[in-house]
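Shown here: my_file22.cif, mmCIF, C-alpha atoms and all ligand atoms.
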```cif
data_my_file
#
loop_
_atom_site.label_atom_id
_atom_site.label_comp_id
_atom_site.auth_asym_id
_atom_site.auth_seq_id
_atom_site.Cartn_x
_atom_site.Cartn_y
_atom_site.Cartn_z
CA MET A 391 12.23 30.20 18.44
CA ARG A 392 14.54 27.18 18.07
CA VAL A 393 15.00 26.20 14.42
CA ASP A 394 15.81 22.60 15.31
CA LYS A 395 12.62 21.97 17.30
CA PHE A 396 9.32 20.95 15.68
CA ASP A 397 5.81 20.20 16.82
CA VAL A 398 5.88 16.96 14.85
CA ILE A 399 8.56 15.05 12.95
CA VAL A 400 7.41 12.44 10.42
CA ILE A 401 10.09 9.85 9.67
CA GLY A 402 9.69 8.01 6.37
CA LEU A 403 7.79 9.74 3.56
CA GLY A 404 6.29 6.83 1.63
CA ALA A 405 2.56 6.13 1.49
CA MET A 406 1.82 6.71 5.17
CA GLY A 407 4.40 9.39 5.92
CA SER A 408 3.59 11.63 2.94
CA ALA A 409 -0.12 11.46 3.85
CA ALA A 410 0.59 12.29 7.51
CA LEU A 411 2.90 15.17 6.59
CA TYR A 412 0.34 16.66 4.20
CA GLN A 413 -2.49 16.43 6.74
CA LEU A 414 -0.34 17.97 9.47
CA SER A 415 0.77 20.78 7.15
CA LYS A 416 -2.81 22.05 6.99
CA ARG A 417 -2.90 22.68 10.74
CA GLY A 418 -0.42 25.51 11.14
CA LEU A 419 2.18 23.45 13.01
CA SER A 420 5.93 23.41 12.61
CA ILE A 421 6.62 20.07 10.97
CA LEU A 422 9.58 18.23 9.52
CA GLY A 423 9.51 15.21 7.21
CA ILE A 424 12.61 13.04 6.83
CA ASP A 425 13.43 10.24 4.39
CA ARG A 426 16.53 8.12 3.79
CA PHE A 427 15.89 8.35 -0.01
CA ASP A 428 14.14 10.93 -2.21
CA PRO A 429 10.46 9.94 -2.29
CA PRO A 430 8.68 8.81 -4.35
CA HIS A 431 11.39 6.19 -4.94
CA ALA A 432 11.68 2.52 -5.87
CA MET A 433 13.34 1.12 -2.73
CA GLY A 434 10.36 0.75 -0.36
CA SER A 435 6.83 -0.61 -0.66
CA SER A 436 5.09 2.15 -2.63
CA HIS A 437 6.35 1.99 -6.21
CA GLY A 438 5.44 0.10 -9.37
CA GLU A 439 2.95 2.38 -11.12
CA THR A 440 -0.37 1.27 -9.61
CA ARG A 441 -2.20 0.01 -6.50
CA ILE A 442 -5.68 -1.53 -6.34
CA THR A 443 -8.35 0.15 -4.26
CA ARG A 444 -11.81 -1.28 -3.49
CA LEU A 445 -14.49 -0.37 -0.97
CA ALA A 446 -15.61 -3.87 0.04
CA VAL A 447 -12.30 -4.76 1.64
CA GLY A 448 -12.58 -8.50 2.27
CA GLU A 449 -9.69 -8.28 4.75
CA SER A 450 -12.13 -7.05 7.44
CA PRO A 451 -15.14 -4.70 7.77
CA ASP A 452 -12.95 -2.65 10.15
CA TYR A 453 -11.23 -1.15 7.12
CA VAL A 454 -14.37 0.03 5.30
CA PRO A 455 -14.63 3.50 6.96
CA ILE A 456 -10.89 4.00 6.33
CA VAL A 457 -11.01 3.23 2.63
CA LYS A 458 -14.23 5.21 2.16
CA ARG A 459 -12.60 8.25 3.72
CA SER A 460 -9.50 7.70 1.58
CA HIS A 461 -11.62 7.79 -1.57
CA GLU A 462 -12.96 11.20 -0.51
CA LEU A 463 -9.47 12.43 0.28
CA TRP A 464 -7.94 11.24 -3.03
CA LYS A 465 -10.50 13.41 -4.81
CA SER A 466 -9.67 16.48 -2.77
CA ILE A 467 -5.90 15.92 -3.10
CA GLU A 468 -6.34 15.57 -6.87
CA SER A 469 -8.21 18.84 -7.12
CA GLU A 470 -5.80 20.70 -4.82
CA SER A 471 -2.69 19.38 -6.59
CA LYS A 472 -4.17 19.24 -10.11
CA THR A 473 -3.00 15.65 -10.55
CA GLU A 474 -4.71 12.34 -11.35
CA ILE A 475 -4.31 9.81 -8.58
CA PHE A 476 -7.39 7.58 -8.69
CA THR A 477 -8.90 5.92 -11.78
CA PRO A 478 -12.22 4.24 -10.93
CA CYS A 479 -12.09 1.67 -13.75
CA GLY A 480 -14.00 -0.94 -11.68
CA GLY A 481 -12.62 -4.07 -10.10
CA ILE A 482 -13.40 -7.76 -10.42
CA LEU A 483 -12.66 -10.39 -7.80
CA MET A 484 -12.69 -13.94 -9.13
CA ASP A 485 -13.06 -17.16 -7.25
CA SER A 486 -12.12 -20.44 -8.91
CA GLY A 487 -14.90 -22.22 -7.04
CA LYS A 488 -12.52 -24.97 -5.91
CA ALA A 489 -11.57 -24.02 -2.37
CA PRO A 490 -12.13 -20.88 -0.27
CA TRP A 491 -9.00 -18.76 -0.41
CA ALA A 492 -7.44 -16.62 2.26
CA LYS A 493 -6.00 -13.17 1.67
CA HIS A 494 -4.21 -10.74 3.96
CA GLY A 495 -5.31 -12.63 7.06
CA SER A 496 -8.93 -13.11 6.02
CA GLU A 497 -10.21 -16.67 5.45
CA GLY A 498 -12.88 -17.00 2.76
CA PHE A 499 -11.85 -13.69 1.22
CA PHE A 500 -14.27 -13.85 -1.70
CA GLN A 501 -17.34 -14.49 0.47
CA ASN A 502 -16.17 -11.90 3.02
CA THR A 503 -16.00 -9.33 0.25
CA VAL A 504 -19.54 -10.15 -0.88
CA ASN A 505 -20.84 -10.01 2.72
CA ILE A 506 -19.14 -6.66 3.36
CA ALA A 507 -20.52 -5.18 0.13
CA ARG A 508 -24.04 -6.27 1.15
CA LYS A 509 -23.69 -5.03 4.72
CA TYR A 510 -22.36 -1.59 3.73
CA GLY A 511 -24.56 -1.11 0.66
CA ILE A 512 -21.55 -1.01 -1.68
CA ASP A 513 -22.66 -1.18 -5.29
CA HIS A 514 -21.69 -4.55 -6.83
CA GLN A 515 -22.73 -7.39 -9.11
CA ILE A 516 -22.26 -11.13 -8.65
CA LEU A 517 -21.43 -12.96 -11.87
CA ASN A 518 -21.35 -16.66 -12.69
CA ALA A 519 -18.49 -18.09 -14.78
CA ARG A 520 -20.42 -17.73 -18.03
CA GLN A 521 -21.20 -14.07 -17.32
CA VAL A 522 -17.54 -13.43 -16.42
CA SER A 523 -16.36 -14.95 -19.69
CA GLU A 524 -18.94 -13.01 -21.73
CA LYS A 525 -18.06 -9.69 -20.12
CA TYR A 526 -14.32 -10.28 -19.63
CA PRO A 527 -13.20 -12.82 -22.23
CA ASN A 528 -9.53 -12.43 -21.27
CA PHE A 529 -10.11 -14.40 -18.04
CA LEU A 530 -10.42 -18.18 -18.45
CA LEU A 531 -12.29 -18.71 -15.21
CA GLU A 532 -13.16 -22.30 -14.24
CA SER A 533 -16.78 -23.28 -15.00
CA GLU A 534 -17.53 -23.63 -11.28
CA GLY A 535 -16.04 -20.18 -10.56
CA SER A 536 -17.75 -16.87 -9.89
CA GLY A 537 -17.02 -13.16 -9.95
CA TYR A 538 -17.74 -10.09 -7.83
CA PHE A 539 -17.65 -6.79 -9.71
CA GLU A 540 -17.38 -3.45 -7.91
CA PRO A 541 -17.78 -0.37 -10.14
CA THR A 542 -16.25 1.99 -7.54
CA ALA A 543 -12.99 0.01 -7.37
CA GLY A 544 -10.01 0.96 -9.47
CA TYR A 545 -6.38 1.88 -9.24
CA LEU A 546 -4.27 4.54 -7.57
CA LYS A 547 -0.98 5.91 -8.82
CA PRO A 548 1.28 5.71 -5.76
CA ASP A 549 4.14 7.84 -7.07
CA VAL A 550 1.75 10.62 -8.07
CA ALA A 551 -0.05 10.45 -4.72
CA ILE A 552 3.18 10.63 -2.70
CA ARG A 553 4.64 13.46 -4.76
CA ALA A 554 1.38 15.45 -4.68
CA GLN A 555 1.08 15.17 -0.88
CA LEU A 556 4.74 16.09 -0.33
CA ASP A 557 4.50 19.06 -2.69
CA LEU A 558 1.35 20.30 -0.98
CA ALA A 559 2.91 19.82 2.45
CA LYS A 560 5.96 21.86 1.41
CA LYS A 561 3.70 24.55 -0.05
CA ASN A 562 1.96 24.70 3.33
CA GLY A 563 5.30 25.25 5.09
CA ALA A 564 6.57 21.74 5.95
CA LEU A 565 10.32 21.29 5.95
CA VAL A 566 11.59 18.12 4.24
CA PHE A 567 15.00 16.42 4.56
CA ILE A 568 15.83 13.86 1.86
CA HIS A 569 18.71 11.38 1.65
CA LYS A 570 18.94 11.53 5.44
CA PRO A 571 18.49 8.26 7.33
CA VAL A 572 17.35 8.62 10.92
CA THR A 573 19.65 6.55 13.11
CA LYS A 574 18.24 7.05 16.59
CA ILE A 575 15.10 8.29 18.35
CA SER A 576 15.37 9.04 22.10
CA LYS A 577 13.07 10.43 24.75
CA LEU A 578 14.46 13.50 26.52
CA SER A 579 11.33 14.33 28.51
CA GLU A 580 7.56 13.89 28.29
CA GLU A 581 7.46 16.79 25.84
CA GLU A 582 10.74 16.37 23.95
CA ILE A 583 12.03 13.66 21.64
CA GLU A 584 15.51 13.74 20.11
CA VAL A 585 16.01 12.49 16.56
CA ASN A 586 19.49 11.80 15.17
CA VAL A 587 19.59 12.18 11.44
CA GLY A 588 22.64 12.23 9.17
CA GLY A 589 25.02 13.69 11.78
CA GLN A 590 22.46 16.27 12.89
CA THR A 591 20.10 16.38 15.86
CA VAL A 592 16.52 17.66 15.70
CA TYR A 593 13.81 17.69 18.34
CA ALA A 594 10.03 17.32 18.41
CA ARG A 595 7.07 17.07 20.75
CA ARG A 596 5.68 14.18 18.72
CA VAL A 597 7.23 11.75 16.26
CA ILE A 598 5.40 9.60 13.70
CA ASN A 599 7.61 6.75 12.59
CA CYS A 600 6.45 5.56 9.14
CA THR A 601 9.61 3.78 8.04
CA GLY A 602 7.84 0.81 6.40
CA GLY A 603 10.00 -2.33 6.46
CA TRP A 604 12.84 -0.41 8.10
CA ILE A 605 10.68 -0.04 11.22
CA LYS A 606 12.52 -3.16 12.40
CA ASP A 607 15.59 -0.94 12.95
CA PHE A 608 13.68 0.93 15.66
CA LEU A 609 11.77 -1.88 17.39
CA PRO A 610 12.89 -3.71 20.53
CA SER A 611 14.42 -7.08 19.59
CA GLU A 612 11.50 -9.12 20.97
CA LYS A 613 9.14 -7.32 18.55
CA LYS A 614 11.24 -7.57 15.39
CA GLY A 615 10.32 -11.23 14.81
CA SER A 616 6.64 -10.35 14.31
CA PHE A 617 7.46 -8.53 11.06
CA LYS A 618 8.16 -10.49 7.91
CA ILE A 619 9.80 -8.74 4.97
CA CYS A 620 8.60 -10.49 1.81
CA ARG A 621 10.06 -9.78 -1.63
CA GLN A 622 7.42 -9.23 -4.32
CA ILE A 623 7.85 -9.14 -8.10
CA LEU A 624 5.73 -7.06 -10.47
CA HIS A 625 5.72 -7.96 -14.17
CA TRP A 626 4.76 -5.98 -17.25
CA VAL A 627 3.81 -8.45 -20.01
CA GLU A 628 2.99 -7.67 -23.59
CA VAL A 629 -0.68 -7.53 -24.60
CA THR A 630 -1.99 -8.67 -27.96
CA ASP A 631 -5.58 -7.62 -27.33
CA LYS A 632 -6.80 -4.03 -27.12
CA ASN A 633 -9.52 -5.18 -24.66
CA TRP A 634 -6.93 -4.79 -21.93
CA ILE A 635 -7.16 -0.99 -22.15
CA HIS A 636 -10.72 -1.18 -20.83
CA SER A 637 -10.20 -3.95 -18.30
CA PRO A 638 -11.12 -3.53 -14.64
CA VAL A 639 -8.44 -4.22 -12.04
CA PHE A 640 -8.63 -7.89 -11.05
CA MET A 641 -7.84 -10.19 -8.14
CA TRP A 642 -8.15 -13.93 -8.61
CA GLY A 643 -7.93 -16.66 -5.98
CA ILE A 644 -6.73 -19.71 -7.88
CA GLY A 645 -6.40 -22.14 -4.95
CA ALA A 646 -6.36 -22.44 -1.19
CA GLY A 647 -2.66 -21.58 -0.61
CA PRO A 648 -1.53 -18.03 0.24
CA GLU A 649 0.42 -17.76 -3.02
CA ASP A 650 -2.41 -19.19 -5.17
CA PHE A 651 -3.34 -15.73 -6.29
CA ILE A 652 -2.90 -13.34 -9.19
CA TYR A 653 -3.87 -9.73 -9.64
CA GLY A 654 -3.50 -7.18 -12.37
CA PHE A 655 -4.44 -3.89 -13.97
CA PRO A 656 -5.75 -2.55 -17.26
CA SER A 657 -3.18 -1.63 -19.87
CA LEU A 658 -2.07 1.93 -19.21
CA ASP A 659 0.12 2.23 -22.30
CA GLY A 660 -1.81 -0.01 -24.74
CA ARG A 661 1.11 -2.46 -25.08
CA SER A 662 1.53 -4.11 -21.65
CA ILE A 663 -0.33 -4.98 -18.46
CA LYS A 664 1.06 -5.19 -14.97
CA VAL A 665 0.37 -8.60 -13.39
CA ALA A 666 1.70 -10.20 -10.23
CA THR A 667 1.27 -12.82 -7.59
CA GLU A 668 2.22 -12.69 -3.90
CA SER A 669 5.15 -14.36 -2.16
CA PHE A 670 5.54 -14.93 1.56
CA LEU A 671 9.16 -16.06 1.58
CA GLU A 672 10.91 -14.12 4.32
CA VAL A 673 13.98 -11.91 3.98
CA ASP A 674 15.51 -10.58 7.18
CA HIS A 675 15.74 -6.88 6.27
CA PRO A 676 14.84 -4.57 3.33
CA ASP A 677 18.56 -3.95 2.72
CA GLY A 678 19.02 -7.68 2.02
CA ILE A 679 16.41 -7.93 -0.75
CA GLU A 680 17.57 -9.15 -4.18
CA ARG A 681 16.50 -6.29 -6.44
CA ASP A 682 17.11 -7.98 -9.81
CA VAL A 683 14.62 -10.34 -11.45
CA ASN A 684 15.92 -13.11 -13.70
CA ARG A 685 14.32 -14.72 -16.76
CA GLU A 686 13.79 -17.96 -14.82
CA GLU A 687 11.55 -16.13 -12.34
CA GLN A 688 9.58 -14.59 -15.18
CA GLN A 689 9.16 -17.97 -16.91
CA LYS A 690 8.02 -19.65 -13.67
CA PHE A 691 5.42 -16.92 -13.14
CA TRP A 692 4.21 -17.29 -16.72
CA ASN A 693 3.98 -21.11 -16.54
CA GLU A 694 2.40 -21.37 -13.12
CA LYS A 695 0.08 -18.38 -13.01
CA ILE A 696 -0.66 -16.88 -16.41
CA GLU A 697 -0.42 -19.26 -19.37
CA TYR A 698 -3.71 -21.12 -18.97
CA ARG A 699 -5.67 -18.39 -17.23
CA ILE A 700 -5.27 -15.18 -19.15
CA THR A 701 -5.60 -14.49 -22.87
CA GLY A 702 -4.60 -11.52 -24.99
CA VAL A 703 -1.10 -11.54 -23.48
CA LYS A 704 2.22 -12.86 -24.74
CA ASN A 705 5.16 -14.49 -22.96
CA HIS A 706 7.21 -11.37 -23.46
CA PHE A 707 8.14 -9.34 -20.39
CA PHE A 708 8.87 -5.66 -20.96
CA LYS A 709 10.18 -5.39 -17.42
CA SER A 710 9.86 -6.77 -13.89
CA GLU A 711 10.36 -4.81 -10.67
CA VAL A 712 10.95 -5.79 -7.07
CA CYS A 713 9.00 -4.31 -4.17
CA PHE A 714 8.37 -5.74 -0.69
CA TYR A 715 5.63 -6.34 1.87
CA THR A 716 6.09 -5.95 5.61
CA VAL A 717 3.71 -8.53 7.03
CA THR A 718 2.54 -8.92 10.63
CA THR A 719 1.49 -12.27 12.11
CA ASP A 720 -2.22 -11.48 11.62
CA ALA A 721 -1.65 -9.53 8.34
CA ARG A 722 -3.10 -6.37 9.92
CA PHE A 723 -1.42 -2.98 10.30
CA MET A 724 0.66 -1.73 13.18
CA ILE A 725 -0.41 1.72 14.41
CA GLN A 726 0.53 2.17 18.03
CA ARG A 727 2.45 4.23 20.54
CA ASN A 728 5.97 3.17 21.40
CA PRO A 729 5.56 2.03 25.03
CA GLU A 730 9.03 3.44 25.85
CA ILE A 731 8.54 6.81 24.12
CA GLN A 732 4.84 7.59 24.52
CA ASN A 733 4.86 10.45 22.03
CA GLU A 734 6.37 8.37 19.26
CA TYR A 735 3.84 6.52 17.09
CA TRP A 736 4.86 3.44 15.10
CA VAL A 737 2.94 3.34 11.84
CA SER A 738 4.14 0.52 9.73
CA ALA A 739 3.71 -2.97 8.50
CA CYS A 740 0.77 -2.64 6.16
CA SER A 741 0.91 -6.33 5.30
CA GLY A 742 0.59 -5.77 1.55
CA HIS A 743 -2.75 -3.97 1.55
CA GLY A 744 -2.10 -0.52 2.97
CA PHE A 745 -1.90 1.90 0.10
CA LYS A 746 -5.64 2.27 -0.45
CA HIS A 747 -6.02 3.33 3.20
CA SER A 748 -3.05 5.66 3.39
CA ALA A 749 -4.77 9.00 2.76
CA ALA A 750 -7.22 8.46 5.64
CA ILE A 751 -4.55 7.00 7.91
CA GLY A 752 -2.54 10.21 7.36
CA GLU A 753 -5.54 12.24 8.46
CA TYR A 754 -6.13 9.93 11.42
CA LEU A 755 -2.51 10.36 12.54
CA ALA A 756 -2.67 14.13 12.23
CA ASP A 757 -5.78 14.11 14.46
CA LEU A 758 -4.19 11.71 16.89
CA VAL A 759 -0.97 13.64 17.48
CA THR A 760 -2.80 16.96 17.75
CA ASP A 761 -5.28 15.51 20.29
CA LYS A 762 -8.30 16.02 17.98
CA PRO A 763 -11.17 13.52 17.74
CA THR A 764 -10.46 11.01 14.97
CA LYS A 765 -12.99 10.21 12.21
CA PHE A 766 -12.81 6.49 12.93
CA THR A 767 -11.23 4.23 15.51
CA ILE A 768 -8.30 1.94 14.89
CA GLY A 769 -8.04 -0.93 17.35
C1 LIG A 801 4.12 -5.24 -4.84
C2 LIG A 801 3.14 -4.58 -3.93
C3 LIG A 801 1.82 -4.49 -4.30
C4 LIG A 801 0.89 -3.87 -3.46
N1 LIG A 801 -0.40 -3.75 -3.87
C5 LIG A 801 -1.27 -3.06 -3.12
C6 LIG A 801 -2.57 -2.80 -3.62
O1 LIG A 801 -2.92 -3.18 -4.75
N2 LIG A 801 -3.42 -2.08 -2.84
C7 LIG A 801 -3.05 -1.63 -1.62
O2 LIG A 801 -3.86 -0.98 -0.95
N3 LIG A 801 -1.82 -1.84 -1.11
C8 LIG A 801 -0.92 -2.55 -1.84
N4 LIG A 801 0.35 -2.76 -1.40
C9 LIG A 801 0.72 -2.32 -0.06
C10 LIG A 801 1.08 -0.85 -0.01
O3 LIG A 801 1.70 -0.43 -1.18
C11 LIG A 801 1.94 -0.64 1.23
O4 LIG A 801 1.21 -1.09 2.35
C12 LIG A 801 2.29 0.82 1.44
O5 LIG A 801 2.76 1.39 0.26
C13 LIG A 801 3.33 0.91 2.55
O6 LIG A 801 3.61 2.25 2.80
P1 LIG A 801 4.61 2.70 3.95
O7 LIG A 801 4.50 4.16 4.03
O8 LIG A 801 4.36 1.88 5.18
O9 LIG A 801 6.06 2.22 3.45
P2 LIG A 801 7.00 2.90 2.33
O10 LIG A 801 6.18 3.51 1.27
O11 LIG A 801 8.01 1.88 1.98
O12 LIG A 801 7.69 4.09 3.11
C14 LIG A 801 8.67 3.95 4.07
C15 LIG A 801 9.61 5.12 3.91
O13 LIG A 801 10.47 5.19 5.04
C16 LIG A 801 11.74 5.61 4.58
N5 LIG A 801 12.71 5.23 5.61
C17 LIG A 801 13.01 3.99 6.02
N6 LIG A 801 13.92 4.02 7.00
C18 LIG A 801 14.21 5.33 7.23
C19 LIG A 801 15.08 5.98 8.12
N7 LIG A 801 15.83 5.31 9.00
N8 LIG A 801 15.15 7.33 8.07
C20 LIG A 801 14.38 8.03 7.19
N9 LIG A 801 13.54 7.43 6.32
C21 LIG A 801 13.44 6.09 6.34
C22 LIG A 801 11.90 4.87 3.26
O14 LIG A 801 12.88 5.46 2.46
C23 LIG A 801 10.50 5.00 2.69
O15 LIG A 801 10.38 6.15 1.87
C24 LIG A 801 1.30 -3.37 -2.21
C25 LIG A 801 2.65 -3.45 -1.83
C26 LIG A 801 3.56 -4.04 -2.69
C27 LIG A 801 5.00 -4.12 -2.28
#
```
Once you've parsed the file, please lay out its structure as structure tokens.
Amino acid sequence: MRVDKFDVIVIGLGAMGSAALYQLSKRGLSILGIDRFDPPHAMGSSHGETRITRLAVGESPDYVPIVKRSHELWKSIESESKTEIFTPCGGILMDSGKAPWAKHGSEGFFQNTVNIARKYGIDHQILNARQVSEKYPNFLLESEGSGYFEPTAGYLKPDVAIRAQLDLAKKNGALVFIHKPVTKISKLSEEEIEVNVGGQTVYARRVINCTGGWIKDFLPSEKKGSFKICRQILHWVEVTDKNWIHSPVFMWGIGAGPEDFIYGFPSLDGRSIKVATESFLEVDHPDGIERDVNREEQQKFWNEKIEYRITGVKNHFFKSEVCFYTVTTDARFMIQRNPEIQNEYWVSACSGHGFKHSAAIGEYLADLVTDKPTKFTIG
């Protein structure tokens, strides 16, 4: 048997790649995972302590079966790896009641969420502004605003999830190369793909390319323009109120513009909360992202987004971190075959909302490349 030839090679071991590698490792195949860094790491799109997950995904009802399956899988990965990945602390979505707000390609995101929850029988409560302020006094919601509370929502720990899936995959026999950037993927025949990685050549029948924002390095030039790399900043601000320990995760549409939005998490350490907004300013490539955050950026965030909306916090930033979104023109995901290399699958651009779906997408990919029926369809 050739030691340089695999059934499947997974390139990029972030959210999507680690999930795919783990799912493939349970199927008795020879598999190789490759990453340019040592995942979990802080250079891609999957770091920063926490990610929100919710079942009524206002982006589109198409995602509901995917996130539901992911919730089942997080539980089984937790029990297999003896780790804690998902904390179902509940989640509140708030609408300022001023103008419908769009999110991740979905117009009227708040109402879409409510409609999806009703359609799929997802447990939830609708709250008026008075009820929001009674239950969650740290949010100064406008009097015409309203809230949607989902008890099954919560947060995931991305680093723990990635590490757990990679460890389990290795335990099941997967080989993993770290600090090895793939430079070229070429088709040799219908059944053989060549992958150049760090001065070495390896071969596979199938390749899953999960390189996140770096996918642009592998796409034909006419396709690259459809992917926007957008720098995001996460802030950890000091809390002065112990209420924050028991807070649900929150998402708050504060206006009609794409950046009129804040989201955040309960306090994990009792002294700070992670809060952020979204930015859609484009950077050409992940390697060109400014990784430092200056005090001016922190102050702007505080003045524009936090000061008059959230209480029990102080204008003191413990730290701020930079991450990035890879956004498609319709803010959906890209999961498709490379038309030039039919057995290579491009799995990237999760447009800022992919983590919650990653466990089930990993399973979907493992089914797809092994010609098994998939649990749901992805258009
Ligand atoms: C600030 C922020 C907040 C977010 N919040 C949420 C949220 O609350 N809920 C939610 O569901 N989603 C959220 N998301 C989106 C979600 O985190 C991403 O969609 C998801 O993590 C993307 O995973 P990925 O596997 O595509 O990319 P990554 O995790 O970045 O993985 C790509 C991997 O490919 C590797 N790689 C790249 N090039 C090469 C190469 N040439 N050779 C080998 N390896 C390579 C990289 O090193 C990296 O490890 C958020 C994203 C950000 C940035």
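A cut-off of 10 Å from the point (2.2, 0.6, -1.6), with all atoms listed in the file, picks out the residues Gly404, Ala405, Met406, Gly434, Ser435, Ser436, His437, Gly438, Glu439, Thr440, Arg441, Ile442, Leu546, Lys547, Pro548, Asp549, Gly602, Cys713, Phe714, Tyr715, Cys740, Ser741, Gly742, His743, Gly744, Phe745, Lys746, His747 and Ser748 of chain A.
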Please save C-alpha atoms of the selected residues as a PDB file, in the frame of the given file.
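What ended up in again36.pdb:
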```pdb
ATOM      1  CA  GLY A 404       6.290   6.830   1.630  1.00  0.00           C
ATOM      2  CA  ALA A 405       2.560   6.130   1.490  1.00  0.00           C
ATOM      3  CA  MET A 406       1.820   6.710   5.170  1.00  0.00           C
ATOM      4  CA  GLY A 434      10.360   0.750  -0.360  1.00  0.00           C
ATOM      5  CA  SER A 435       6.830  -0.610  -0.660  1.00  0.00           C
ATOM      6  CA  SER A 436       5.090   2.150  -2.630  1.00  0.00           C
ATOM      7  CA  HIS A 437       6.350   1.990  -6.210  1.00  0.00           C
ATOM      8  CA  GLY A 438       5.440   0.100  -9.370  1.00  0.00           C
ATOM      9  CA  GLU A 439       2.950   2.380 -11.120  1.00  0.00           C
ATOM     10  CA  THR A 440      -0.370   1.270  -9.610  1.00  0.00           C
ATOM     11  CA  ARG A 441      -2.200   0.010  -6.500  1.00  0.00           C
ATOM     12  CA  ILE A 442      -5.680  -1.530  -6.340  1.00  0.00           C
ATOM     13  CA  LEU A 546      -4.270   4.540  -7.570  1.00  0.00           C
ATOM     14  CA  LYS A 547      -0.980   5.910  -8.820  1.00  0.00           C
ATOM     15  CA  PRO A 548       1.280   5.710  -5.760  1.00  0.00           C
ATOM     16  CA  ASP A 549       4.140   7.840  -7.070  1.00  0.00           C
ATOM     17  CA  GLY A 602       7.840   0.810   6.400  1.00  0.00           C
ATOM     18  CA  CYS A 713       9.000  -4.310  -4.170  1.00  0.00           C
ATOM     19  CA  PHE A 714       8.370  -5.740  -0.690  1.00  0.00           C
ATOM     20  CA  TYR A 715       5.630  -6.340   1.870  1.00  0.00           C
ATOM     21  CA  CYS A 740       0.770  -2.640   6.160  1.00  0.00           C
ATOM     22  CA  SER A 741       0.910  -6.330   5.300  1.00  0.00           C
ATOM     23  CA  GLY A 742       0.590  -5.770   1.550  1.00  0.00           C
ATOM     24  CA  HIS A 743      -2.750  -3.970   1.550  1.00  0.00           C
ATOM     25  CA  GLY A 744      -2.100  -0.520   2.970  1.00  0.00           C
ATOM     26  CA  PHE A 745      -1.900   1.900   0.100  1.00  0.00           C
ATOM     27  CA  LYS A 746      -5.640   2.270  -0.450  1.00  0.00           C
ATOM     28  CA  HIS A 747      -6.020   3.330   3.200  1.00  0.00           C
ATOM     29  CA  SER A 748      -3.050   5.660   3.390  1.00  0.00           C
TER      30      SER A 748
END
```
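Near Ser710 (chain A), within 12 Å and counting all atoms listed in the file, sit Gly438, Glu439, Gln622, Ile623, Leu624, His625, Trp626, Val627, Glu628, Ser662, Ile663, Lys664, Val665, Ala666, Arg681, Asp682, Val683, Asn684, Arg685, Glu686, Glu687, Gln688, Gln689, Phe691, His706, Phe707 and Cys713 of chain A; same-chain residues fewer than 3 positions away were not included.
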List every residue of region 615-691 of chain A that has an atom at most 10 Å from any atom of region 475-497 of chain A, giving for each one its closest atom pair and the distance in Å to one decimal, counting all atoms listed in the file, sorted by chain and then by ascending residue number, as CSV.
```
residue,atom,partner,partner_atom,distance
A:His636,CA,A:Cys479,CA,7.8
A:Ser637,CA,A:Cys479,CA,7.5
A:Pro638,CA,A:Gly481,CA,4.8
A:Val639,CA,A:Gly481,CA,4.6
A:Phe640,CA,A:Ile482,CA,4.8
A:Met641,CA,A:Leu483,CA,4.8
A:Trp642,CA,A:Met484,CA,4.6
A:Gly643,CA,A:Asp485,CA,5.3
A:Ile644,CA,A:Ser486,CA,5.5
A:Gly645,CA,A:Ala489,CA,6.1
A:Ala646,CA,A:Trp491,CA,4.6
A:Gly647,CA,A:Trp491,CA,6.9
A:Pro648,CA,A:Ala492,CA,6.4
A:Glu649,CA,A:Lys493,CA,9.2
A:Asp650,CA,A:Trp491,CA,8.1
A:Phe651,CA,A:Trp491,CA,8.7
A:Ile652,CA,A:Met484,CA,9.8
A:Tyr653,CA,A:Leu483,CA,9.0
A:Gly654,CA,A:Gly481,CA,9.9
A:Phe655,CA,A:Gly481,CA,9.1
A:Pro656,CA,A:Cys479,CA,8.4
A:Glu668,CA,A:Lys493,CA,9.9
```
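Comparing A:Glu612, A:Asp513, A:Glu734, A:Glu534 by their smallest distance to Ile399 (chain A), the closest is A:Glu734 (using all atoms listed in the file).
Closest approach to Ser415 (chain A) among A:Leu556, A:Val629, A:Val673, A:Val522 is made by A:Leu556 (distances from all atoms listed in the file).
Distances to Asn505 (chain A) were evaluated for A:Leu609, A:Leu565, A:Ala446, A:Leu414 using all atoms listed in the file, and the minimum falls at A:Ala446.
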Neighbour list for region 584-600 of chain A as a VMD selection string, cut-off 7 Å, all atoms listed in the file, skip fewer than 2 positions in-chain: chain A and resid 394 to 402 406 to 407 570 to 578 581 to 582 602 733 to 738 759
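The shortest atom-to-atom distance to Lys765 (chain A), with all atoms listed in the file taken into account, belongs to A:Ile751 out of A:Ile696, A:Ala551, A:Cys620, A:Ile751.
For Gly563 (chain A), the residues within 9 Å (counting only C-alpha atoms, excluding itself and residues fewer than 2 positions away along the chain) are Ser415, Lys416, Gly418, Leu419, Ser420, Ile421, Leu558, Ala559, Lys560, Lys561 and Leu565 of chain A.
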Store the residues of this selection in a file with C-alpha atoms, as a compact mmCIF listing (two decimals), keeping the file's coordinate frame.
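Dumped to selection_8.txt:
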```txt
# COMPACT_ATOMS: atom_id res chain seq x y z
CA SER A 415 0.77 20.78 7.15
CA LYS A 416 -2.81 22.05 6.99
CA GLY A 418 -0.42 25.51 11.14
CA LEU A 419 2.18 23.45 13.01
CA SER A 420 5.93 23.41 12.61
CA ILE A 421 6.62 20.07 10.97
CA LEU A 558 1.35 20.30 -0.98
CA ALA A 559 2.91 19.82 2.45
CA LYS A 560 5.96 21.86 1.41
CA LYS A 561 3.70 24.55 -0.05
CA LEU A 565 10.32 21.29 5.95
```
